[in-house]
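> What follows is input-v3.txt; its format and atoms are compact mmCIF, C-alpha atoms.
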# COMPACT_ATOMS: atom_id res chain seq x y z
CA MET A 1 -17.47 -23.22 6.10
CA THR A 2 -17.32 -25.79 3.29
CA ALA A 3 -14.21 -27.79 2.37
CA ASN A 4 -13.99 -25.85 -0.86
CA GLU A 5 -13.93 -22.56 1.03
CA GLY A 6 -11.28 -23.97 3.34
CA TRP A 7 -9.01 -24.90 0.44
CA MET A 8 -9.52 -21.54 -1.16
CA ILE A 9 -8.57 -19.63 1.98
CA ALA A 10 -5.62 -21.93 2.73
CA GLY A 11 -4.36 -21.44 -0.82
CA MET A 12 -4.83 -17.68 -0.77
CA MET A 13 -3.12 -17.47 2.59
CA ALA A 14 -0.19 -19.58 1.42
CA VAL A 15 0.50 -17.55 -1.73
CA THR A 16 0.00 -14.17 -0.05
CA PHE A 17 2.20 -14.97 2.92
CA GLY A 18 4.69 -16.66 0.59
CA ILE A 19 5.10 -13.49 -1.45
CA ARG A 20 5.41 -11.28 1.61
CA TYR A 21 7.80 -13.58 3.47
CA PHE A 22 10.01 -15.04 0.72
CA LEU A 23 12.70 -12.33 0.81
CA PHE A 24 12.47 -11.85 4.57
CA ALA A 25 13.04 -15.58 5.05
CA LEU A 26 16.21 -15.53 2.99
CA ALA A 27 17.41 -12.20 4.35
CA ASP A 28 20.66 -13.60 5.79
CA ARG A 29 21.52 -15.52 2.68
CA ILE A 30 20.75 -12.86 0.10
CA ARG A 31 23.60 -10.66 -0.87
CA MET A 32 22.30 -7.94 -3.13
CA ALA A 33 24.45 -6.55 -5.90
CA PRO A 34 25.21 -2.88 -5.13
CA TRP A 35 23.18 -1.65 -8.10
CA ILE A 36 20.14 -3.60 -6.91
CA GLU A 37 20.51 -2.22 -3.41
CA GLY A 38 20.81 1.23 -4.98
CA SER A 39 17.62 0.70 -6.96
CA LEU A 40 15.57 -0.10 -3.84
CA ARG A 41 15.22 3.58 -2.97
CA PHE A 42 13.21 4.10 -6.16
CA ILE A 43 10.61 1.52 -5.16
CA PRO A 44 8.55 3.53 -2.65
CA PRO A 45 7.98 6.66 -4.77
CA ALA A 46 7.43 4.53 -7.89
CA VAL A 47 4.86 2.19 -6.31
CA LEU A 48 3.05 4.89 -4.36
CA THR A 49 2.77 7.04 -7.49
CA ALA A 50 1.48 4.08 -9.52
CA ILE A 51 -1.21 3.47 -6.89
CA THR A 52 -2.12 7.12 -6.34
CA LEU A 53 -2.35 8.61 -9.81
CA PRO A 54 -5.05 6.26 -11.17
CA ALA A 55 -6.94 6.54 -7.85
CA VAL A 56 -7.11 10.30 -8.35
CA LEU A 57 -7.73 10.52 -12.10
CA LEU A 58 -10.13 7.53 -12.27
CA PRO A 59 -11.62 7.47 -8.76
CA LYS A 60 -14.57 5.28 -9.72
CA GLY A 61 -12.89 3.48 -12.59
CA ASP A 62 -13.67 6.05 -15.28
CA TRP A 63 -11.54 8.97 -16.41
CA GLN A 64 -12.49 12.19 -14.61
CA VAL A 65 -9.97 14.82 -15.57
CA SER A 66 -11.84 17.99 -14.60
CA PHE A 67 -12.42 20.21 -11.63
CA SER A 68 -15.71 18.46 -11.01
CA ASN A 69 -13.66 15.54 -9.70
CA PRO A 70 -13.24 16.12 -5.94
CA TYR A 71 -10.45 13.51 -5.77
CA LEU A 72 -8.41 15.50 -8.28
CA VAL A 73 -9.11 18.81 -6.55
CA SER A 74 -8.09 17.28 -3.24
CA ALA A 75 -4.92 15.79 -4.74
CA ILE A 76 -3.90 19.14 -6.21
CA ALA A 77 -4.50 20.82 -2.83
CA ALA A 78 -2.48 18.11 -1.07
CA THR A 79 0.38 18.40 -3.56
CA ALA A 80 0.53 22.17 -3.11
CA ALA A 81 0.35 21.79 0.67
CA GLY A 82 3.04 19.11 0.63
CA ILE A 83 5.44 21.24 -1.40
CA LEU A 84 4.81 24.37 0.67
CA THR A 85 4.67 22.91 4.18
CA ARG A 86 6.92 19.82 3.81
CA ASN A 87 4.81 18.36 6.58
CA LEU A 88 2.89 15.12 6.22
CA LEU A 89 0.10 15.87 8.68
CA SER A 90 -0.71 19.28 7.19
CA THR A 91 -0.63 17.75 3.72
CA ILE A 92 -3.20 15.13 4.73
CA ALA A 93 -5.32 17.65 6.65
CA ILE A 94 -5.40 20.14 3.77
CA GLY A 95 -6.12 17.41 1.21
CA LEU A 96 -9.02 16.06 3.27
CA ALA A 97 -10.33 19.55 4.04
CA ALA A 98 -10.26 20.42 0.34
CA PHE A 99 -12.18 17.25 -0.50
CA PHE A 100 -14.95 17.69 2.02
CA ALA A 101 -15.19 21.47 1.59
CA TYR A 102 -15.53 20.94 -2.14
CA ARG A 103 -18.19 18.28 -1.71
CA PHE A 104 -20.07 20.28 0.89
CA PHE A 105 -20.09 23.67 -0.78
CA LEU A 106 -20.18 22.84 -4.47
CA MET B 1 18.42 7.02 29.60
CA LYS B 2 15.04 5.70 28.67
CA GLN B 3 14.15 2.12 29.39
CA PRO B 4 14.00 -0.05 26.24
CA GLU B 5 10.44 -1.10 27.12
CA SER B 6 9.20 2.46 27.11
CA VAL B 7 10.96 3.16 23.80
CA GLN B 8 9.36 0.04 22.32
CA LYS B 9 5.97 1.16 23.52
CA GLU B 10 6.51 4.64 22.10
CA GLU B 11 7.57 3.23 18.74
CA PHE B 12 4.58 0.88 18.68
CA LEU B 13 2.17 3.69 19.48
CA SER B 14 3.62 6.11 16.95
CA GLY B 15 3.43 3.41 14.30
CA ALA B 16 -0.26 2.94 15.06
CA ARG B 17 -0.87 6.69 15.27
CA ASP B 18 0.90 7.50 11.99
CA THR B 19 -1.27 4.89 10.26
CA PHE B 20 -4.48 6.62 11.37
CA PRO B 21 -5.37 8.35 8.06
CA LEU B 22 -4.91 5.05 6.26
CA LEU B 23 -7.18 3.33 8.77
CA LEU B 24 -9.86 5.81 7.71
CA GLY B 25 -9.07 5.11 4.07
CA ALA B 26 -9.51 1.36 4.60
CA LEU B 27 -12.78 1.76 6.51
CA PRO B 28 -15.17 1.97 3.53
CA PHE B 29 -13.38 -0.89 1.77
CA GLY B 30 -13.77 -3.10 4.83
CA LEU B 31 -17.47 -2.33 5.04
CA ILE B 32 -17.98 -2.90 1.33
CA TYR B 33 -15.95 -6.13 1.39
CA GLY B 34 -18.13 -7.43 4.21
CA ALA B 35 -21.34 -6.46 2.44
CA VAL B 36 -20.23 -7.91 -0.91
CA ALA B 37 -18.91 -11.11 0.68
CA GLY B 38 -22.26 -11.61 2.38
CA THR B 39 -24.07 -11.71 -0.95
CA SER B 40 -21.41 -13.64 -2.89
CA GLY B 41 -22.41 -17.05 -1.61
CA LEU B 42 -19.41 -17.20 0.71
CA SER B 43 -20.29 -18.26 4.27
CA MET B 44 -19.82 -15.69 7.01
CA THR B 45 -17.09 -17.79 8.63
CA ALA B 46 -15.21 -18.04 5.35
CA ALA B 47 -15.54 -14.32 4.69
CA MET B 48 -14.08 -13.49 8.11
CA ALA B 49 -11.44 -16.24 7.88
CA MET B 50 -10.28 -14.67 4.63
CA SER B 51 -9.86 -11.27 6.31
CA ALA B 52 -8.12 -12.81 9.29
CA LEU B 53 -5.80 -15.22 7.47
CA VAL B 54 -5.15 -13.71 4.04
CA PHE B 55 -5.36 -10.02 5.04
CA ALA B 56 -4.98 -8.47 1.60
CA GLY B 57 -7.84 -6.15 0.63
CA SER B 58 -7.63 -6.06 -3.15
CA SER B 59 -7.23 -9.80 -3.52
CA GLN B 60 -10.10 -10.41 -1.10
CA PHE B 61 -12.37 -8.24 -3.24
CA ILE B 62 -11.33 -10.04 -6.39
CA ALA B 63 -11.70 -13.47 -4.75
CA VAL B 64 -15.23 -12.67 -3.60
CA GLY B 65 -16.11 -11.59 -7.13
CA LEU B 66 -14.67 -14.82 -8.51
CA VAL B 67 -16.57 -16.88 -5.92
CA SER B 68 -19.89 -15.43 -7.04
CA ALA B 69 -18.91 -16.28 -10.63
CA HIS B 70 -18.27 -19.91 -9.50
CA THR B 71 -14.60 -19.79 -10.46
CA PRO B 72 -12.51 -22.87 -9.57
CA VAL B 73 -10.38 -22.59 -6.43
CA ALA B 74 -7.09 -23.03 -8.30
CA ILE B 75 -7.84 -19.99 -10.46
CA ILE B 76 -8.77 -17.91 -7.41
CA VAL B 77 -5.49 -18.83 -5.72
CA LEU B 78 -3.50 -18.08 -8.88
CA THR B 79 -5.25 -14.72 -9.24
CA THR B 80 -4.45 -13.91 -5.60
CA PHE B 81 -0.81 -14.65 -6.33
CA ILE B 82 -0.77 -12.18 -9.22
CA VAL B 83 -2.70 -9.48 -7.38
CA ASN B 84 -0.30 -9.61 -4.44
CA LEU B 85 2.97 -9.81 -6.40
CA ARG B 86 3.65 -6.14 -5.68
CA HIS B 87 4.22 -7.04 -2.03
CA MET B 88 7.52 -8.61 -3.04
CA LEU B 89 8.71 -5.11 -3.95
CA TYR B 90 7.78 -4.00 -0.45
CA SER B 91 9.70 -6.76 1.28
CA ALA B 92 12.71 -6.08 -0.96
CA THR B 93 12.65 -2.43 0.08
CA LEU B 94 12.34 -3.24 3.78
CA LEU B 95 14.92 -6.03 3.68
CA PRO B 96 17.98 -3.89 4.52
CA TYR B 97 16.17 -2.48 7.55
CA LEU B 98 14.87 -5.77 8.93
CA LYS B 99 17.47 -8.35 7.94
CA ASN B 100 19.00 -8.49 11.40
CA LEU B 101 15.75 -9.38 13.11
CA PRO B 102 15.07 -12.95 14.25
CA GLN B 103 12.51 -15.00 12.31
CA LYS B 104 9.96 -14.64 15.11
CA TRP B 105 9.81 -10.97 14.07
CA ARG B 106 10.15 -11.41 10.33
CA ILE B 107 7.24 -13.85 10.11
CA PRO B 108 4.55 -11.62 11.66
CA LEU B 109 5.86 -8.48 9.97
CA ALA B 110 5.68 -10.29 6.62
CA PHE B 111 2.18 -11.59 7.32
CA TRP B 112 0.97 -8.05 8.08
CA LEU B 113 2.76 -6.31 5.19
CA THR B 114 0.19 -4.20 3.34
CA ASP B 115 0.40 -1.20 0.99
CA GLU B 116 -0.44 1.07 3.88
CA THR B 117 1.99 -0.29 6.47
CA PHE B 118 4.72 -0.36 3.83
CA ALA B 119 4.11 3.31 2.99
CA VAL B 120 4.07 4.41 6.62
CA THR B 121 7.13 2.45 7.71
CA VAL B 122 9.28 3.27 4.71
CA HIS B 123 8.44 6.95 5.17
CA ARG B 124 9.66 6.71 8.75
CA PHE B 125 12.70 4.48 8.11
CA GLN B 126 14.01 6.74 5.36
CA LYS B 127 13.73 9.79 7.57
CA ASN B 128 15.56 8.19 10.45
CA ASN B 129 17.68 5.14 9.84
CA SER B 130 19.21 4.84 13.28
CA LEU B 131 16.19 3.76 15.32
CA ALA B 132 16.98 0.65 17.31
CA PHE B 133 13.35 -0.32 17.85
CA ARG B 134 11.93 0.58 14.45
CA HIS B 135 10.44 -2.91 14.08
CA TRP B 136 8.13 -1.99 16.94
CA TYR B 137 7.00 0.96 14.86
CA GLN B 138 6.15 -1.37 11.98
CA LEU B 139 4.41 -3.72 14.42
CA GLY B 140 2.24 -0.86 15.69
CA SER B 141 1.24 0.10 12.17
CA SER B 142 0.60 -3.57 11.27
CA ILE B 143 -1.63 -4.33 14.22
CA ALA B 144 -3.59 -1.10 13.80
CA MET B 145 -4.25 -1.98 10.14
CA TYR B 146 -5.13 -5.56 11.04
CA LEU B 147 -7.62 -4.82 13.82
CA ASN B 148 -9.16 -1.99 11.81
CA TRP B 149 -9.65 -4.28 8.80
CA GLN B 150 -11.18 -7.11 10.87
CA PHE B 151 -13.56 -4.69 12.58
CA TRP B 152 -14.95 -3.02 9.45
CA CYS B 153 -15.15 -6.30 7.52
CA PHE B 154 -17.14 -7.82 10.36
CA LEU B 155 -19.44 -4.80 10.57
CA GLY B 156 -19.94 -4.90 6.81
CA LEU B 157 -20.84 -8.59 6.99
CA VAL B 158 -23.30 -8.08 9.82
CA LEU B 159 -24.93 -4.95 8.46
CA GLY B 160 -24.71 -5.92 4.80
CA ASN B 161 -26.95 -3.81 2.63
CA ARG B 162 -28.26 -1.80 5.56
CA ILE B 163 -25.23 0.47 5.20
CA PRO B 164 -26.07 3.20 2.75
CA ASP B 165 -23.45 3.41 0.06
CA ALA B 166 -20.10 3.49 1.92
CA GLN B 167 -18.51 3.90 -1.50
CA ASN B 168 -19.72 7.47 -1.75
CA TRP B 169 -18.73 8.76 1.68
CA GLY B 170 -15.42 9.88 0.25
CA LEU B 171 -13.25 8.39 3.03
CA ASP B 172 -11.29 6.56 0.36
CA VAL B 173 -9.68 9.90 -0.51
CA ALA B 174 -7.55 9.51 2.65
CA MET B 175 -5.23 7.06 0.93
CA PRO B 176 -4.23 9.10 -2.16
CA VAL B 177 -3.87 12.23 -0.04
CA THR B 178 -1.61 10.46 2.48
CA PHE B 179 0.45 8.83 -0.27
CA ILE B 180 0.94 12.22 -1.97
CA GLY B 181 2.32 13.56 1.30
CA MET B 182 4.70 10.60 1.45
CA ILE B 183 5.86 10.79 -2.17
CA ILE B 184 6.86 14.47 -2.02
CA PRO B 185 9.84 14.11 0.37
CA PHE B 186 11.35 11.49 -1.96
CA ILE B 187 11.46 13.90 -4.89
CA LYS B 188 14.72 15.66 -4.17
CA THR B 189 16.93 14.63 -7.07
CA ILE B 190 16.54 14.54 -10.84
CA PRO B 191 16.57 10.71 -10.99
CA MET B 192 13.69 10.65 -8.48
CA VAL B 193 11.72 13.14 -10.59
CA VAL B 194 12.30 10.94 -13.64
CA CYS B 195 11.29 7.85 -11.65
CA VAL B 196 8.03 9.36 -10.37
CA LEU B 197 7.03 10.84 -13.74
CA THR B 198 7.72 7.56 -15.52
CA ALA B 199 5.88 5.46 -12.93
CA GLY B 200 2.93 7.87 -13.10
CA ALA B 201 2.77 7.83 -16.88
CA ALA B 202 3.14 4.04 -16.94
CA SER B 203 0.33 3.64 -14.39
CA LEU B 204 -2.01 5.42 -16.81
CA LEU B 205 -0.79 3.48 -19.83
CA THR B 206 -1.22 0.11 -18.10
CA LEU B 207 -4.78 0.66 -16.87
CA ALA B 208 -6.00 -2.12 -19.13
CA MET B 209 -3.81 -4.69 -17.37
CA PRO B 210 -5.83 -6.82 -14.96
CA TYR B 211 -5.13 -7.77 -11.35
CA LYS B 212 -2.98 -4.81 -10.34
CA LEU B 213 -0.25 -5.92 -12.73
CA GLY B 214 -0.12 -2.33 -13.96
CA ILE B 215 1.26 -1.27 -10.58
CA VAL B 216 4.10 -3.78 -10.77
CA VAL B 217 4.95 -2.90 -14.38
CA SER B 218 4.81 0.84 -13.62
CA ALA B 219 7.02 0.41 -10.57
CA PHE B 220 9.65 -1.39 -12.65
CA ALA B 221 9.41 1.30 -15.34
CA GLY B 222 9.93 3.97 -12.67
CA ILE B 223 12.87 2.15 -11.10
CA ALA B 224 14.56 1.50 -14.45
CA SER B 225 14.16 5.09 -15.62
CA GLY B 226 15.42 6.42 -12.30
CA LEU B 227 18.47 4.18 -12.47
CA MET B 228 19.16 5.24 -16.04
CA ALA B 229 18.88 8.91 -15.16
CA GLN B 230 21.26 8.29 -12.27
CA ARG B 231 23.79 6.57 -14.56
CA ILE B 232 23.65 9.36 -17.11
CA MET B 233 24.20 11.97 -14.43
CA ASP B 234 27.06 10.01 -12.86
CA ALA B 235 28.70 9.56 -16.26
CA ARG B 236 28.51 13.28 -16.93
CA LYS B 237 29.93 14.12 -13.56
CA GLY B 238 32.74 11.62 -14.03
CA ALA B 239 33.61 12.83 -17.54
CA PRO B 240 36.82 14.85 -17.75
CA GLN B 241 36.30 18.60 -17.93
CA ARG B 242 37.34 20.13 -21.21
So that I can check it, write out the structure of this file as structure tokens.


Amino acid sequence: MTANEGWMIAGMMAVTFGIRYFLFALADRIRMAPWIEGSLRFIPPAVLTAITLPAVLLPKGDWQVSFSNPYLVSAIAATAAGILTRNLLSTIAIGLAAFFAYRFFL
Amino acid sequence: MKQPESVQKEEFLSGARDTFPLLLGALPFGLIYGAVAGTSGLSMTAAMAMSALVFAGSSQFIAVGLVSAHTPVAIIVLTTFIVNLRHMLYSATLLPYLKNLPQKWRIPLAFWLTDETFAVTVHRFQKNNSLAFRHWYQLGSSIAMYLNWQFWCFLGLVLGNRIPDAQNWGLDVAMPVTFIGMIIPFIKTIPMVVCVLTAGAASLLTLAMPYKLGIVVSAFAGIASGLMAQRIMDARKGAPQR
């Protein structure tokens, strides 16, 4: 490993850990305003949606809004399964099954 | 009564087990990272050290790309900072659940905080807020993700181009499918519907933004719209009946 590589990894490690740890470090000293605390519950669905939707509609970086896109077919199957079963494992299983069945048979 | 040790072990194991689909989802990315790092000009030690010490998939990919383009270190570090900014949203969300833990817990849990572990733990914490050993659950998920990532990165490095096209195996579908299953239980109120629709629309409108900034912007758009919807509904409820 060269010195340059070492500096790069040390720097990347410092900023990544810094971002992840900053709020945890101050946890005792931070007092959140009630409206901020109330807004935290929107973070998980908002972030997960923002990660998932592009991954499904542009699986390889290009728009693929059609039924020839197995990622989209699988996402639709998973959404239907999630609403009907309200069970995470069956949602995942049905989504994966739809993906591989679609790829295998079509 | 159960012994605390056995509860801790149970929590740890269920955290690891619940992360399983996301381990599958990370598999091809680990292999591809290893293969790409091997040809980027990065030494094998550096490529593995990055996985072991930085442990952030997207920024590792971007860094490797920048290394092969001979980008200066300062720019690579700055880019890493931007790519990983979204993790601050994760620690903010988990803060109320973990603020009573000692630093010897907060430090490793922060180091191991990824998209996947965040999703799995928040899903669990929201369902059941009274678990005394929930940090063990997060630890189980964290360590499973960590070992899984190291293993596939290493294999990718060793095998390099001898692996046929891990990109097209389709295992990456495990992540969106799992996340869909986790989003659905959140959508119970009108403000949540507004939040999810806004974040989704924003994620498609911000595709041109580099370095995952679109995710951060979309998340804020979702949060703001959800809060506004909540305020409007509260105001209507509070208004005197005529």

> Identify which of the residues A:Ala101, A:Met8, A:Ala93, A:Ile76 lies closest to chain B, counting all atoms listed in the file when measuring atom-to-atom distances.

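Using all atoms listed in the file, the shortest distance to chain B belongs to A:Met8.
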
> In Å, rounded to a single decimal, give me how far atom CA of Leu88 of chain A is from atom CA of Val7 of chain B.

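It comes out at 22.7 Å.
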
> Distance atom CA of Asn148 of chain B-atom CA of Thr121 of chain B, one decimal place?

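Atom-to-atom, atom CA of Asn148 of chain B to atom CA of Thr121 of chain B, that is 17.4 Å.
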
> Residues of chain A that have any atom at most 7 Å from an atom of chain B: could you tabulate them with the shortest-distance atom pair and the distance in Å to one decimal, using all atoms listed in the file, ordered by chain and increasing number, as CSV?


residue,atom,partner,partner_atom,distance
A:Met1,CA,B:Ala46,CA,5.7
A:Glu5,CA,B:Ala46,CA,6.4
A:Met8,CA,B:Val73,CA,5.4
A:Ile9,CA,B:Met50,CA,5.9
A:Gly11,CA,B:Val77,CA,5.7
A:Met12,CA,B:Val77,CA,5.1
A:Met13,CA,B:Val54,CA,4.5
A:Val15,CA,B:Phe81,CA,5.6
A:Thr16,CA,B:Asn84,CA,6.3
A:Phe17,CA,B:Phe111,CA,5.5
A:Ile19,CA,B:Met88,CA,5.7
A:Arg20,CA,B:Ala110,CA,5.1
A:Tyr21,CA,B:Ala110,CA,5.0
A:Leu23,CA,B:Ser91,CA,6.3
A:Phe24,CA,B:Arg106,CA,6.2
A:Ala27,CA,B:Lys99,CA,5.3
A:Asp28,CA,B:Lys99,CA,6.5
A:Ser39,CA,B:Ile223,CA,6.5
A:Leu40,CA,B:Thr93,CA,5.4
A:Phe42,CA,B:Ile223,CA,5.3
A:Ile43,CA,B:Ile223,CA,6.4
A:Pro45,CA,B:Ile183,CA,5.3
A:Ala46,CA,B:Ala219,CA,4.9
A:Val47,CA,B:Ala219,CA,5.1
A:Leu48,CA,B:Phe179,CA,6.2
A:Thr49,CA,B:Gly200,CA,5.7
A:Ala50,CA,B:Ser203,CA,5.0
A:Ile51,CA,B:Ile215,CA,6.5
A:Thr52,CA,B:Pro176,CA,5.1
A:Leu53,CA,B:Gly200,CA,6.3
A:Pro54,CA,B:Leu204,CA,6.5
A:Ala55,CA,B:Pro176,CA,6.8
A:Val56,CA,B:Pro176,CA,6.9
A:Tyr71,CA,B:Val173,CA,6.4
A:Ala75,CA,B:Val177,CA,6.0
A:Ala78,CA,B:Val177,CA,6.1
A:Thr79,CA,B:Ile180,CA,6.4
A:Gly82,CA,B:Gly181,CA,5.6
A:Ile83,CA,B:Ile184,CA,6.9
A:Leu88,CA,B:Gly181,CA,5.2
A:Thr91,CA,B:Gly181,CA,5.7
A:Ile92,CA,B:Thr178,CA,5.4
A:Gly95,CA,B:Val177,CA,5.8
A:Leu96,CA,B:Ala174,CA,6.7

> Contacts of segment 150-152 of chain B at 9 Å or less, counting all atoms listed in the file, minus same-chain residues fewer than 6 places along, as a short mmCIF file (atom, residue, chain, number, x, y, z; two decimals) with C-alpha atoms, in the coordinates of the input?


data_model
loop_
_atom_site.label_atom_id
_atom_site.label_comp_id
_atom_site.auth_asym_id
_atom_site.auth_seq_id
_atom_site.Cartn_x
_atom_site.Cartn_y
_atom_site.Cartn_z
CA ALA B 26 -9.51 1.36 4.60
CA LEU B 27 -12.78 1.76 6.51
CA PRO B 28 -15.17 1.97 3.53
CA PHE B 29 -13.38 -0.89 1.77
CA GLY B 30 -13.77 -3.10 4.83
CA LEU B 31 -17.47 -2.33 5.04
CA ILE B 32 -17.98 -2.90 1.33
CA TYR B 33 -15.95 -6.13 1.39
CA GLY B 34 -18.13 -7.43 4.21
CA MET B 48 -14.08 -13.49 8.11
CA SER B 51 -9.86 -11.27 6.31
CA ALA B 52 -8.12 -12.81 9.29
CA PHE B 55 -5.36 -10.02 5.04
#

> Please compute the atom CA of Ser141 of chain B-atom CA of Thr19 of chain B distance, one decimal, in Å.

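Distance between the two atoms: 5.7 Å.
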
> Which residues are near Gln8 of chain B? Cut-off 12 Å, all atoms listed in the file, ignore same chain within fewer than 6 positions. Put them as a CSV table (one decimal) with C-alpha atoms, keeping the file's coordinate frame.


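Final file, around-v3.csv:
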chain,number,residue,atom,x,y,z
B,2,LYS,CA,15.0,5.7,28.7
B,14,SER,CA,3.6,6.1,17.0
B,15,GLY,CA,3.4,3.4,14.3
B,131,LEU,CA,16.2,3.8,15.3
B,132,ALA,CA,17.0,0.6,17.3
B,133,PHE,CA,13.4,-0.3,17.8
B,134,ARG,CA,11.9,0.6,14.4
B,135,HIS,CA,10.4,-2.9,14.1
B,136,TRP,CA,8.1,-2.0,16.9
B,137,TYR,CA,7.0,1.0,14.9
B,138,GLN,CA,6.2,-1.4,12.0
B,139,LEU,CA,4.4,-3.7,14.4
B,140,GLY,CA,2.2,-0.9,15.7

> Generate N, CA and C atoms for segment 206-225 of chain B and emit them as a compact mmCIF listing (two decimals), keeping the file's coordinate frame.


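That gives us part08.txt:
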# COMPACT_ATOMS: atom_id res chain seq x y z
N THR B 206 -1.03 1.54 -18.37
CA THR B 206 -1.22 0.11 -18.10
C THR B 206 -2.57 -0.15 -17.43
N LEU B 207 -3.48 0.82 -17.54
CA LEU B 207 -4.78 0.66 -16.87
C LEU B 207 -5.53 -0.57 -17.34
N ALA B 208 -5.26 -0.98 -18.59
CA ALA B 208 -6.00 -2.12 -19.13
C ALA B 208 -5.50 -3.44 -18.56
N MET B 209 -4.34 -3.43 -17.90
CA MET B 209 -3.81 -4.69 -17.37
C MET B 209 -4.62 -5.11 -16.15
N PRO B 210 -5.00 -6.39 -16.08
CA PRO B 210 -5.83 -6.82 -14.96
C PRO B 210 -5.02 -7.10 -13.70
N TYR B 211 -5.71 -7.26 -12.60
CA TYR B 211 -5.13 -7.77 -11.35
C TYR B 211 -3.94 -6.98 -10.85
N LYS B 212 -4.02 -5.68 -10.93
CA LYS B 212 -2.98 -4.81 -10.34
C LYS B 212 -1.61 -5.01 -10.96
N LEU B 213 -1.55 -5.73 -12.09
CA LEU B 213 -0.25 -5.92 -12.73
C LEU B 213 0.33 -4.59 -13.20
N GLY B 214 -0.57 -3.65 -13.53
CA GLY B 214 -0.12 -2.33 -13.96
C GLY B 214 0.77 -1.66 -12.93
N ILE B 215 0.46 -1.88 -11.65
CA ILE B 215 1.26 -1.27 -10.58
C ILE B 215 2.68 -1.82 -10.61
N VAL B 216 2.78 -3.15 -10.77
CA VAL B 216 4.10 -3.78 -10.77
C VAL B 216 4.90 -3.31 -11.99
N VAL B 217 4.25 -3.33 -13.16
CA VAL B 217 4.95 -2.90 -14.38
C VAL B 217 5.39 -1.44 -14.26
N SER B 218 4.49 -0.59 -13.75
CA SER B 218 4.81 0.84 -13.62
C SER B 218 5.95 1.05 -12.63
N ALA B 219 5.94 0.28 -11.55
CA ALA B 219 7.02 0.41 -10.57
C ALA B 219 8.35 0.08 -11.22
N PHE B 220 8.39 -1.03 -11.99
CA PHE B 220 9.65 -1.39 -12.65
C PHE B 220 10.06 -0.32 -13.66
N ALA B 221 9.09 0.24 -14.39
CA ALA B 221 9.41 1.30 -15.34
C ALA B 221 10.01 2.50 -14.61
N GLY B 222 9.42 2.85 -13.47
CA GLY B 222 9.93 3.97 -12.67
C GLY B 222 11.34 3.70 -12.17
N ILE B 223 11.55 2.49 -11.64
CA ILE B 223 12.87 2.15 -11.10
C ILE B 223 13.92 2.19 -12.21
N ALA B 224 13.59 1.57 -13.35
CA ALA B 224 14.56 1.50 -14.45
C ALA B 224 14.90 2.90 -14.95
N SER B 225 13.88 3.76 -15.10
CA SER B 225 14.16 5.09 -15.62
C SER B 225 14.96 5.91 -14.61
